[in-house]
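Peer 1: One file: final-v8.pdb (PDB, C-alpha atoms, pLDDT in the B column).
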```pdb
MODEL        1
ATOM      1  CA  MET N   1       0.000   0.000   0.000  1.00 35.00           C
ATOM      2  CA  PRO N   2       1.531   3.350  -1.010  1.00 40.00           C
ATOM      3  CA  ASP N   3       2.428   5.864   1.681  1.00 43.00           C
ATOM      4  CA  SER N   4      -0.150   8.644   1.284  1.00 47.00           C
ATOM      5  CA  ALA N   5       2.186  11.060   3.077  1.00 59.00           C
ATOM      6  CA  LYS N   6       4.523  10.891   0.091  1.00 85.00           C
ATOM      7  CA  GLY N   7       2.133  12.786  -2.163  1.00 91.00           C
ATOM      8  CA  GLN N   8      -0.950  12.752  -4.355  1.00 93.00           C
ATOM      9  CA  ILE N   9      -0.161  12.820  -8.078  1.00 94.00           C
ATOM     10  CA  LEU N  10      -2.551  13.534 -10.955  1.00 94.00           C
ATOM     11  CA  VAL N  11      -1.563  11.844 -14.217  1.00 95.00           C
ATOM     12  CA  ILE N  12      -3.157  13.191 -17.411  1.00 95.00           C
ATOM     13  CA  ALA N  13      -2.612  11.054 -20.501  1.00 96.00           C
ATOM     14  CA  PRO N  14      -5.003  10.064 -23.298  1.00 95.00           C
ATOM     15  CA  ALA N  15      -3.592   6.557 -23.843  1.00 95.00           C
ATOM     16  CA  ALA N  16      -4.894   4.049 -21.294  1.00 96.00           C
ATOM     17  CA  ASP N  17      -1.730   1.919 -21.492  1.00 94.00           C
ATOM     18  CA  LEU N  18       0.462   4.927 -20.686  1.00 93.00           C
ATOM     19  CA  ARG N  19      -1.848   6.068 -17.860  1.00 94.00           C
ATOM     20  CA  ASN N  20      -1.723   2.592 -16.334  1.00 95.00           C
ATOM     21  CA  SER N  21       2.059   2.366 -16.708  1.00 93.00           C
ATOM     22  CA  LEU N  22       2.560   5.765 -15.104  1.00 94.00           C
ATOM     23  CA  ARG N  23       0.177   4.887 -12.281  1.00 95.00           C
ATOM     24  CA  PHE N  24       2.052   1.634 -11.654  1.00 93.00           C
ATOM     25  CA  ALA N  25       5.474   3.320 -11.701  1.00 92.00           C
ATOM     26  CA  LEU N  26       4.436   6.157  -9.390  1.00 94.00           C
ATOM     27  CA  GLU N  27       2.540   3.904  -6.984  1.00 94.00           C
ATOM     28  CA  ALA N  28       5.663   1.722  -6.808  1.00 92.00           C
ATOM     29  CA  GLU N  29       7.473   4.869  -5.614  1.00 91.00           C
ATOM     30  CA  GLY N  30       4.877   5.279  -2.866  1.00 93.00           C
ATOM     31  CA  TYR N  31       2.638   7.978  -4.355  1.00 94.00           C
ATOM     32  CA  ARG N  32      -1.148   7.987  -4.456  1.00 94.00           C
ATOM     33  CA  VAL N  33      -2.167   8.409  -8.089  1.00 94.00           C
ATOM     34  CA  THR N  34      -5.317   9.624  -9.799  1.00 92.00           C
ATOM     35  CA  THR N  35      -5.597   9.546 -13.586  1.00 93.00           C
ATOM     36  CA  ARG N  36      -7.478  11.548 -16.196  1.00 92.00           C
ATOM     37  CA  GLU N  37      -7.640  11.139 -19.947  1.00 93.00           C
ATOM     38  CA  ASN N  38      -7.471  14.837 -20.862  1.00 92.00           C
ATOM     39  CA  VAL N  39      -6.981  18.393 -19.628  1.00 90.00           C
ATOM     40  CA  SER N  40     -10.441  19.545 -20.683  1.00 81.00           C
ATOM     41  CA  GLY N  41     -13.211  19.869 -18.166  1.00 71.00           C
ATOM     42  CA  GLY N  42     -11.675  22.408 -15.844  1.00 68.00           C
ATOM     43  CA  LEU N  43      -8.675  22.658 -13.616  1.00 65.00           C
ATOM     44  CA  PRO N  44      -8.243  20.283 -10.703  1.00 64.00           C
ATOM     45  CA  PRO N  45      -8.643  21.810  -7.251  1.00 62.00           C
ATOM     46  CA  ARG N  46      -5.226  22.936  -5.970  1.00 59.00           C
ATOM     47  CA  PRO N  47      -5.245  21.201  -2.595  1.00 67.00           C
ATOM     48  CA  SER N  48      -6.197  17.865  -4.154  1.00 81.00           C
ATOM     49  CA  TYR N  49      -2.840  17.163  -5.824  1.00 89.00           C
ATOM     50  CA  ASP N  50       0.784  17.739  -4.969  1.00 91.00           C
ATOM     51  CA  CYS N  51       2.041  17.341  -8.544  1.00 93.00           C
ATOM     52  CA  ILE N  52       0.633  16.825 -12.022  1.00 94.00           C
ATOM     53  CA  VAL N  53       2.240  14.612 -14.665  1.00 95.00           C
ATOM     54  CA  LEU N  54       0.988  15.710 -18.092  1.00 96.00           C
ATOM     55  CA  ASP N  55       1.589  13.732 -21.276  1.00 96.00           C
ATOM     56  CA  HIS N  56       2.253  15.921 -24.319  1.00 96.00           C
ATOM     57  CA  HIS N  57      -0.512  14.189 -26.290  1.00 95.00           C
ATOM     58  CA  ALA N  58      -3.064  15.461 -23.762  1.00 94.00           C
ATOM     59  CA  ALA N  59      -1.429  18.888 -23.832  1.00 93.00           C
ATOM     60  CA  ASP N  60      -1.413  19.024 -27.633  1.00 92.00           C
ATOM     61  CA  ALA N  61      -5.065  17.968 -27.853  1.00 92.00           C
ATOM     62  CA  ASP N  62      -6.112  21.121 -25.972  1.00 91.00           C
ATOM     63  CA  ARG N  63      -3.072  23.401 -25.874  1.00 91.00           C
ATOM     64  CA  GLU N  64      -4.924  26.337 -24.291  1.00 91.00           C
ATOM     65  CA  ALA N  65      -6.298  24.221 -21.428  1.00 90.00           C
ATOM     66  CA  ALA N  66      -2.835  22.729 -20.906  1.00 92.00           C
ATOM     67  CA  ARG N  67      -1.315  26.220 -20.813  1.00 92.00           C
ATOM     68  CA  ARG N  68      -3.890  27.362 -18.226  1.00 89.00           C
ATOM     69  CA  LEU N  69      -3.162  24.252 -16.174  1.00 88.00           C
ATOM     70  CA  ALA N  70       0.592  24.858 -16.243  1.00 87.00           C
ATOM     71  CA  VAL N  71       0.215  28.547 -15.356  1.00 87.00           C
ATOM     72  CA  SER N  72      -2.226  27.976 -12.516  1.00 86.00           C
ATOM     73  CA  PHE N  73      -0.846  24.747 -11.068  1.00 85.00           C
ATOM     74  CA  GLN N  74       2.743  24.038 -10.152  1.00 87.00           C
ATOM     75  CA  PRO N  75       4.552  21.769 -10.130  1.00 92.00           C
ATOM     76  CA  THR N  76       3.599  20.155 -13.418  1.00 93.00           C
ATOM     77  CA  VAL N  77       5.906  17.655 -15.107  1.00 95.00           C
ATOM     78  CA  LEU N  78       5.520  17.370 -18.882  1.00 96.00           C
ATOM     79  CA  LEU N  79       6.217  14.085 -20.668  1.00 95.00           C
ATOM     80  CA  ALA N  80       7.328  14.900 -24.216  1.00 95.00           C
ATOM     81  CA  ASN N  81       9.158  13.500 -27.204  1.00 93.00           C
ATOM     82  CA  HIS N  82      11.550  16.467 -27.336  1.00 90.00           C
ATOM     83  CA  ALA N  83      12.820  19.089 -24.907  1.00 87.00           C
ATOM     84  CA  GLY N  84      11.638  21.937 -27.110  1.00 91.00           C
ATOM     85  CA  HIS N  85       7.927  21.261 -26.658  1.00 93.00           C
ATOM     86  CA  PRO N  86       6.052  24.603 -26.866  1.00 93.00           C
ATOM     87  CA  LEU N  87       4.817  24.236 -23.254  1.00 93.00           C
ATOM     88  CA  SER N  88       8.158  23.169 -21.741  1.00 94.00           C
ATOM     89  CA  SER N  89       9.007  26.654 -20.519  1.00 94.00           C
ATOM     90  CA  LEU N  90       5.830  26.699 -18.381  1.00 93.00           C
ATOM     91  CA  MET N  91       6.513  23.362 -16.723  1.00 94.00           C
ATOM     92  CA  PHE N  92       8.512  22.445 -13.651  1.00 94.00           C
ATOM     93  CA  ARG N  93      10.415  19.952 -15.790  1.00 94.00           C
ATOM     94  CA  THR N  94      10.110  18.155 -19.108  1.00 95.00           C
ATOM     95  CA  VAL N  95      10.882  14.432 -19.030  1.00 95.00           C
ATOM     96  CA  LEU N  96      11.689  12.928 -22.406  1.00 93.00           C
ATOM     97  CA  LYS N  97       9.891   9.835 -23.625  1.00 89.00           C
ATOM     98  CA  PRO N  98      10.210   6.930 -24.101  1.00 84.00           C
ATOM     99  CA  MET N  99      12.919   6.524 -21.419  1.00 72.00           C
ATOM    100  CA  LEU N 100      10.852   7.574 -18.381  1.00 67.00           C
ATOM    101  CA  GLY N 101      12.085   5.155 -15.666  1.00 75.00           C
ATOM    102  CA  PRO N 102      14.002   6.950 -12.933  1.00 89.00           C
ATOM    103  CA  ALA N 103      13.768  10.269 -14.795  1.00 92.00           C
ATOM    104  CA  LEU N 104      10.045  10.450 -14.026  1.00 92.00           C
ATOM    105  CA  ALA N 105      10.474   9.396 -10.401  1.00 92.00           C
ATOM    106  CA  ASN N 106      13.288  11.944  -9.973  1.00 93.00           C
ATOM    107  CA  ALA N 107      11.254  14.740 -11.581  1.00 94.00           C
ATOM    108  CA  VAL N 108       8.245  14.084  -9.341  1.00 95.00           C
ATOM    109  CA  ARG N 109      10.446  13.829  -6.243  1.00 94.00           C
ATOM    110  CA  ASP N 110      12.208  17.107  -7.124  1.00 94.00           C
ATOM    111  CA  ALA N 111       8.875  18.793  -7.850  1.00 92.00           C
ATOM    112  CA  LEU N 112       7.516  17.825  -4.443  1.00 92.00           C
ATOM    113  CA  ILE N 113      10.701  18.944  -2.685  1.00 91.00           C
ATOM    114  CA  THR N 114      10.537  22.298  -4.480  1.00 88.00           C
ATOM    115  CA  ARG N 115       6.856  22.685  -3.643  1.00 83.00           C
ATOM    116  CA  ALA N 116       7.520  21.945   0.022  1.00 80.00           C
ATOM    117  CA  ASN N 117      10.562  24.254   0.187  1.00 80.00           C
ATOM    118  CA  PRO N 118       9.989  27.213  -2.153  1.00 72.00           C
ATOM    119  CA  THR N 119      12.898  29.628  -2.426  1.00 64.00           C
TER     120      THR N 119
ENDMDL
END
```
Kindly transcribe the structure held in the file into structure tokens.
Peer 2:
Amino acid sequence: MPDSAKGQILVIAPAADLRNSLRFALEAEGYRVTTRENVSGGLPPRPSYDCIVLDHHAADADREAARRLAVSFQPTVLLANHAGHPLSSLMFRTVLKPMLGPALANAVRDALITRANPT
């Protein structure tokens, strides 16, 4: 059972296989994970999540909603095929696909540390 004190993560990805893989990987790190298929439908309530992991396919499907999400909610980690994604500059970090592994876990950990200890 994951340690709920470690953090609540929202994963937004349109592909069910990717959502399930991300959930599995993050739960293995001890996070509680909620998933959504897309960024449409309004912004999640701020206190509900400690970090958002956003797949670039969800961001590209509704770029304006993804931009609003990134501006209003931090930290957000973007999963993208290249570092120069148009939304990368708004994100806490961009993690390149397909090699997520420890890079994703490290990005989420760093995001939560930064959120807990803002400078």
Peer 1: If I take CA of Ser72 (chain N) and CA of Leu22 (chain N), how far is one from the other in Å, to one decimal?
Peer 2: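 Between these atoms lies a distance of 22.9 Å.
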Peer 1: Specify as a list in words each residue included when the PyMOL selection byres ((chain N and resi 14) around 10) is applied to this file.
Peer 2: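 With the PyMOL selection byres ((chain N and resi 14) around 10) on this model, the match is Val11, Ile12, Ala13, Ala15, Ala16, Asp17, Leu18, Arg19, Thr35, Arg36, Glu37, Asn38, Val39, Leu54, Asp55, His56, His57, Ala58, Ala59 and Ala61 of chain N.
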Peer 1: Quick one, how far is CA of Ser48 (chain N) from CA of Gly84 (chain N)?
Peer 2: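 Atom-to-atom, CA of Ser48 (chain N) to CA of Gly84 (chain N), that is 29.4 Å.
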Peer 1: Given the file shown, enumerate the residues that the PyMOL selection byres ((chain N and resi 83) around 8) captures and present them as a VMD selection string.
Peer 2: chain N and resid 80 to 82 84 to 85 88 94 to 96
Peer 1: Go ahead and save the picked residues with C-alpha atoms, as a compact mmCIF listing (two decimals), in the coordinates of the input.
Peer 2:
```txt
# COMPACT_ATOMS: atom_id res chain seq x y z
CA ALA N 80 7.33 14.90 -24.22
CA ASN N 81 9.16 13.50 -27.20
CA HIS N 82 11.55 16.47 -27.34
CA GLY N 84 11.64 21.94 -27.11
CA HIS N 85 7.93 21.26 -26.66
CA SER N 88 8.16 23.17 -21.74
CA THR N 94 10.11 18.16 -19.11
CA VAL N 95 10.88 14.43 -19.03
CA LEU N 96 11.69 12.93 -22.41
```
Peer 1: Please evaluate the PyMOL selection byres ((chain N and resi 103-108) around 8) against the structure above and give the resulting residues as a ChimeraX atom specification.
Peer 2: /N:25-26,29,51,77,93,95,99-102,109-112
Peer 1: Find the spatial neighbours of Ala70 (chain N), counting all atoms listed in the file, within a cut-off of 7 Å - ignore same-chain residues fewer than 5 positions away - and output them as JSON, numbers by chain.
Peer 2: {"N": [76, 90, 91]}
Peer 1: In Å, with one decimal, what is the gap from CA of Phe92 (chain N) to CA of Ala116 (chain N)?
Peer 2: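 A separation of 13.7 Å between them.
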Peer 1: Mind listing as a PDB file with C-alpha atoms, in the coordinates of the input all residues within 6 Å of (1.1, 11.1, -10.6), counting all atoms listed in the file?
Peer 2:
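File produced: result-v2.pdb:
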```
ATOM      1  CA  ILE N   9      -0.161  12.820  -8.078  1.00 94.00           C
ATOM      2  CA  LEU N  10      -2.551  13.534 -10.955  1.00 94.00           C
ATOM      3  CA  VAL N  11      -1.563  11.844 -14.217  1.00 95.00           C
ATOM      4  CA  VAL N  33      -2.167   8.409  -8.089  1.00 94.00           C
ATOM      5  CA  ILE N  52       0.633  16.825 -12.022  1.00 94.00           C
ATOM      6  CA  VAL N  53       2.240  14.612 -14.665  1.00 95.00           C
TER       7      VAL N  53
END
```
Peer 1: Put the listed atoms of region 98-107 of chain N in a box along x, y and z with 3 Å added on every side and give me the centre and edge lengths in Å to one decimal, as lines of an AutoDock Vina configuration file.
Peer 2:
```
center_x = 12.0
center_y = 9.9
center_z = -17.0
size_x = 10.0
size_y = 15.6
size_z = 20.1
```
Peer 1: Extract region 11-27 of chain N from the preceding block and save all heavy atoms as a PDB file, in the first residue's frame.
Peer 2:
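Below is the file that was written, decode-v2.pdb:
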```pdb
ATOM      1  N   VAL N  11      -2.138  12.186 -12.917  1.00  0.00           N
ATOM      2  CA  VAL N  11      -1.563  11.844 -14.217  1.00  0.00           C
ATOM      3  C   VAL N  11      -2.619  12.117 -15.279  1.00  0.00           C
ATOM      4  O   VAL N  11      -3.750  11.634 -15.173  1.00  0.00           O
ATOM      5  CB  VAL N  11      -1.137  10.358 -14.265  1.00  0.00           C
ATOM      6  CG1 VAL N  11      -0.769   9.938 -15.680  1.00  0.00           C
ATOM      7  CG2 VAL N  11       0.013  10.102 -13.300  1.00  0.00           C
ATOM      8  N   ILE N  12      -2.245  12.888 -16.310  1.00  0.00           N
ATOM      9  CA  ILE N  12      -3.157  13.191 -17.411  1.00  0.00           C
ATOM     10  C   ILE N  12      -2.507  12.683 -18.694  1.00  0.00           C
ATOM     11  O   ILE N  12      -1.468  13.196 -19.118  1.00  0.00           O
ATOM     12  CB  ILE N  12      -3.441  14.702 -17.519  1.00  0.00           C
ATOM     13  CG1 ILE N  12      -3.985  15.245 -16.195  1.00  0.00           C
ATOM     14  CG2 ILE N  12      -4.408  14.966 -18.667  1.00  0.00           C
ATOM     15  CD1 ILE N  12      -4.133  16.750 -16.158  1.00  0.00           C
ATOM     16  N   ALA N  13      -3.123  11.648 -19.266  1.00  0.00           N
ATOM     17  CA  ALA N  13      -2.612  11.054 -20.501  1.00  0.00           C
ATOM     18  C   ALA N  13      -3.769  10.404 -21.248  1.00  0.00           C
ATOM     19  O   ALA N  13      -4.564   9.682 -20.642  1.00  0.00           O
ATOM     20  CB  ALA N  13      -1.535  10.019 -20.188  1.00  0.00           C
ATOM     21  N   PRO N  14      -3.882  10.628 -22.558  1.00  0.00           N
ATOM     22  CA  PRO N  14      -5.003  10.064 -23.298  1.00  0.00           C
ATOM     23  C   PRO N  14      -4.927   8.554 -23.514  1.00  0.00           C
ATOM     24  O   PRO N  14      -5.957   7.902 -23.604  1.00  0.00           O
ATOM     25  CB  PRO N  14      -4.988  10.810 -24.639  1.00  0.00           C
ATOM     26  CG  PRO N  14      -3.634  11.392 -24.745  1.00  0.00           C
ATOM     27  CD  PRO N  14      -3.095  11.544 -23.365  1.00  0.00           C
ATOM     28  N   ALA N  15      -3.742   7.994 -23.579  1.00  0.00           N
ATOM     29  CA  ALA N  15      -3.592   6.557 -23.843  1.00  0.00           C
ATOM     30  C   ALA N  15      -3.698   5.764 -22.547  1.00  0.00           C
ATOM     31  O   ALA N  15      -2.927   5.976 -21.607  1.00  0.00           O
ATOM     32  CB  ALA N  15      -2.252   6.279 -24.513  1.00  0.00           C
ATOM     33  N   ALA N  16      -4.651   4.841 -22.502  1.00  0.00           N
ATOM     34  CA  ALA N  16      -4.894   4.049 -21.294  1.00  0.00           C
ATOM     35  C   ALA N  16      -3.656   3.255 -20.873  1.00  0.00           C
ATOM     36  O   ALA N  16      -3.353   3.168 -19.679  1.00  0.00           O
ATOM     37  CB  ALA N  16      -6.076   3.107 -21.498  1.00  0.00           C
ATOM     38  N   ASP N  17      -2.934   2.692 -21.834  1.00  0.00           N
ATOM     39  CA  ASP N  17      -1.730   1.919 -21.492  1.00  0.00           C
ATOM     40  C   ASP N  17      -0.690   2.799 -20.805  1.00  0.00           C
ATOM     41  O   ASP N  17      -0.067   2.389 -19.826  1.00  0.00           O
ATOM     42  CB  ASP N  17      -1.112   1.267 -22.732  1.00  0.00           C
ATOM     43  CG  ASP N  17      -1.943   0.113 -23.258  1.00  0.00           C
ATOM     44  OD1 ASP N  17      -2.820  -0.394 -22.522  1.00  0.00           O
ATOM     45  OD2 ASP N  17      -1.707  -0.290 -24.419  1.00  0.00           O
ATOM     46  N   LEU N  18      -0.494   4.015 -21.311  1.00  0.00           N
ATOM     47  CA  LEU N  18       0.462   4.927 -20.686  1.00  0.00           C
ATOM     48  C   LEU N  18      -0.021   5.343 -19.302  1.00  0.00           C
ATOM     49  O   LEU N  18       0.759   5.351 -18.346  1.00  0.00           O
ATOM     50  CB  LEU N  18       0.692   6.158 -21.567  1.00  0.00           C
ATOM     51  CG  LEU N  18       1.661   7.194 -20.989  1.00  0.00           C
ATOM     52  CD1 LEU N  18       3.041   6.583 -20.744  1.00  0.00           C
ATOM     53  CD2 LEU N  18       1.746   8.398 -21.911  1.00  0.00           C
ATOM     54  N   ARG N  19      -1.307   5.696 -19.177  1.00  0.00           N
ATOM     55  CA  ARG N  19      -1.848   6.068 -17.860  1.00  0.00           C
ATOM     56  C   ARG N  19      -1.613   4.952 -16.848  1.00  0.00           C
ATOM     57  O   ARG N  19      -1.162   5.203 -15.726  1.00  0.00           O
ATOM     58  CB  ARG N  19      -3.359   6.343 -17.940  1.00  0.00           C
ATOM     59  CG  ARG N  19      -3.728   7.695 -18.434  1.00  0.00           C
ATOM     60  CD  ARG N  19      -5.191   8.050 -18.155  1.00  0.00           C
ATOM     61  NE  ARG N  19      -6.152   7.014 -18.470  1.00  0.00           N
ATOM     62  CZ  ARG N  19      -6.704   6.827 -19.651  1.00  0.00           C
ATOM     63  NH1 ARG N  19      -6.379   7.600 -20.677  1.00  0.00           N
ATOM     64  NH2 ARG N  19      -7.602   5.875 -19.834  1.00  0.00           N
ATOM     65  N   ASN N  20      -1.904   3.722 -17.255  1.00  0.00           N
ATOM     66  CA  ASN N  20      -1.723   2.592 -16.334  1.00  0.00           C
ATOM     67  C   ASN N  20      -0.256   2.366 -15.995  1.00  0.00           C
ATOM     68  O   ASN N  20       0.074   2.068 -14.850  1.00  0.00           O
ATOM     69  CB  ASN N  20      -2.353   1.330 -16.921  1.00  0.00           C
ATOM     70  CG  ASN N  20      -3.863   1.428 -16.969  1.00  0.00           C
ATOM     71  OD1 ASN N  20      -4.479   2.148 -16.183  1.00  0.00           O
ATOM     72  ND2 ASN N  20      -4.470   0.718 -17.900  1.00  0.00           N
ATOM     73  N   SER N  21       0.619   2.522 -16.964  1.00  0.00           N
ATOM     74  CA  SER N  21       2.059   2.366 -16.708  1.00  0.00           C
ATOM     75  C   SER N  21       2.569   3.441 -15.757  1.00  0.00           C
ATOM     76  O   SER N  21       3.346   3.157 -14.844  1.00  0.00           O
ATOM     77  CB  SER N  21       2.852   2.427 -18.012  1.00  0.00           C
ATOM     78  OG  SER N  21       2.569   1.326 -18.818  1.00  0.00           O
ATOM     79  N   LEU N  22       2.137   4.671 -15.979  1.00  0.00           N
ATOM     80  CA  LEU N  22       2.560   5.765 -15.104  1.00  0.00           C
ATOM     81  C   LEU N  22       2.019   5.570 -13.692  1.00  0.00           C
ATOM     82  O   LEU N  22       2.720   5.795 -12.707  1.00  0.00           O
ATOM     83  CB  LEU N  22       2.115   7.110 -15.681  1.00  0.00           C
ATOM     84  CG  LEU N  22       2.766   7.502 -17.008  1.00  0.00           C
ATOM     85  CD1 LEU N  22       2.092   8.736 -17.581  1.00  0.00           C
ATOM     86  CD2 LEU N  22       4.256   7.714 -16.846  1.00  0.00           C
ATOM     87  N   ARG N  23       0.760   5.169 -13.599  1.00  0.00           N
ATOM     88  CA  ARG N  23       0.177   4.887 -12.281  1.00  0.00           C
ATOM     89  C   ARG N  23       0.996   3.826 -11.561  1.00  0.00           C
ATOM     90  O   ARG N  23       1.376   3.994 -10.413  1.00  0.00           O
ATOM     91  CB  ARG N  23      -1.270   4.418 -12.402  1.00  0.00           C
ATOM     92  CG  ARG N  23      -1.869   4.020 -11.042  1.00  0.00           C
ATOM     93  CD  ARG N  23      -3.151   3.206 -11.157  1.00  0.00           C
ATOM     94  NE  ARG N  23      -4.222   3.903 -11.788  1.00  0.00           N
ATOM     95  CZ  ARG N  23      -5.113   4.667 -11.140  1.00  0.00           C
ATOM     96  NH1 ARG N  23      -5.039   4.800  -9.836  1.00  0.00           N
ATOM     97  NH2 ARG N  23      -6.072   5.248 -11.792  1.00  0.00           N
ATOM     98  N   PHE N  24       1.288   2.724 -12.249  1.00  0.00           N
ATOM     99  CA  PHE N  24       2.052   1.634 -11.654  1.00  0.00           C
ATOM    100  C   PHE N  24       3.422   2.123 -11.181  1.00  0.00           C
ATOM    101  O   PHE N  24       3.836   1.847 -10.047  1.00  0.00           O
ATOM    102  CB  PHE N  24       2.210   0.494 -12.671  1.00  0.00           C
ATOM    103  CG  PHE N  24       3.020  -0.649 -12.147  1.00  0.00           C
ATOM    104  CD1 PHE N  24       2.447  -1.599 -11.317  1.00  0.00           C
ATOM    105  CD2 PHE N  24       4.359  -0.781 -12.488  1.00  0.00           C
ATOM    106  CE1 PHE N  24       3.193  -2.654 -10.810  1.00  0.00           C
ATOM    107  CE2 PHE N  24       5.120  -1.831 -11.994  1.00  0.00           C
ATOM    108  CZ  PHE N  24       4.537  -2.771 -11.151  1.00  0.00           C
ATOM    109  N   ALA N  25       4.128   2.848 -12.044  1.00  0.00           N
ATOM    110  CA  ALA N  25       5.474   3.320 -11.701  1.00  0.00           C
ATOM    111  C   ALA N  25       5.453   4.271 -10.508  1.00  0.00           C
ATOM    112  O   ALA N  25       6.286   4.175  -9.603  1.00  0.00           O
ATOM    113  CB  ALA N  25       6.117   3.998 -12.912  1.00  0.00           C
ATOM    114  N   LEU N  26       4.494   5.184 -10.488  1.00  0.00           N
ATOM    115  CA  LEU N  26       4.436   6.157  -9.390  1.00  0.00           C
ATOM    116  C   LEU N  26       3.938   5.524  -8.098  1.00  0.00           C
ATOM    117  O   LEU N  26       4.419   5.868  -7.012  1.00  0.00           O
ATOM    118  CB  LEU N  26       3.581   7.356  -9.798  1.00  0.00           C
ATOM    119  CG  LEU N  26       4.208   8.218 -10.902  1.00  0.00           C
ATOM    120  CD1 LEU N  26       3.188   9.200 -11.457  1.00  0.00           C
ATOM    121  CD2 LEU N  26       5.449   8.931 -10.393  1.00  0.00           C
ATOM    122  N   GLU N  27       2.986   4.604  -8.190  1.00  0.00           N
ATOM    123  CA  GLU N  27       2.540   3.904  -6.984  1.00  0.00           C
ATOM    124  C   GLU N  27       3.667   3.051  -6.412  1.00  0.00           C
ATOM    125  O   GLU N  27       3.801   2.929  -5.194  1.00  0.00           O
ATOM    126  CB  GLU N  27       1.299   3.066  -7.268  1.00  0.00           C
ATOM    127  CG  GLU N  27       0.051   3.914  -7.410  1.00  0.00           C
ATOM    128  CD  GLU N  27      -1.205   3.126  -7.722  1.00  0.00           C
ATOM    129  OE1 GLU N  27      -1.118   1.944  -8.121  1.00  0.00           O
ATOM    130  OE2 GLU N  27      -2.304   3.710  -7.576  1.00  0.00           O
TER     131      GLU N  27
END
```
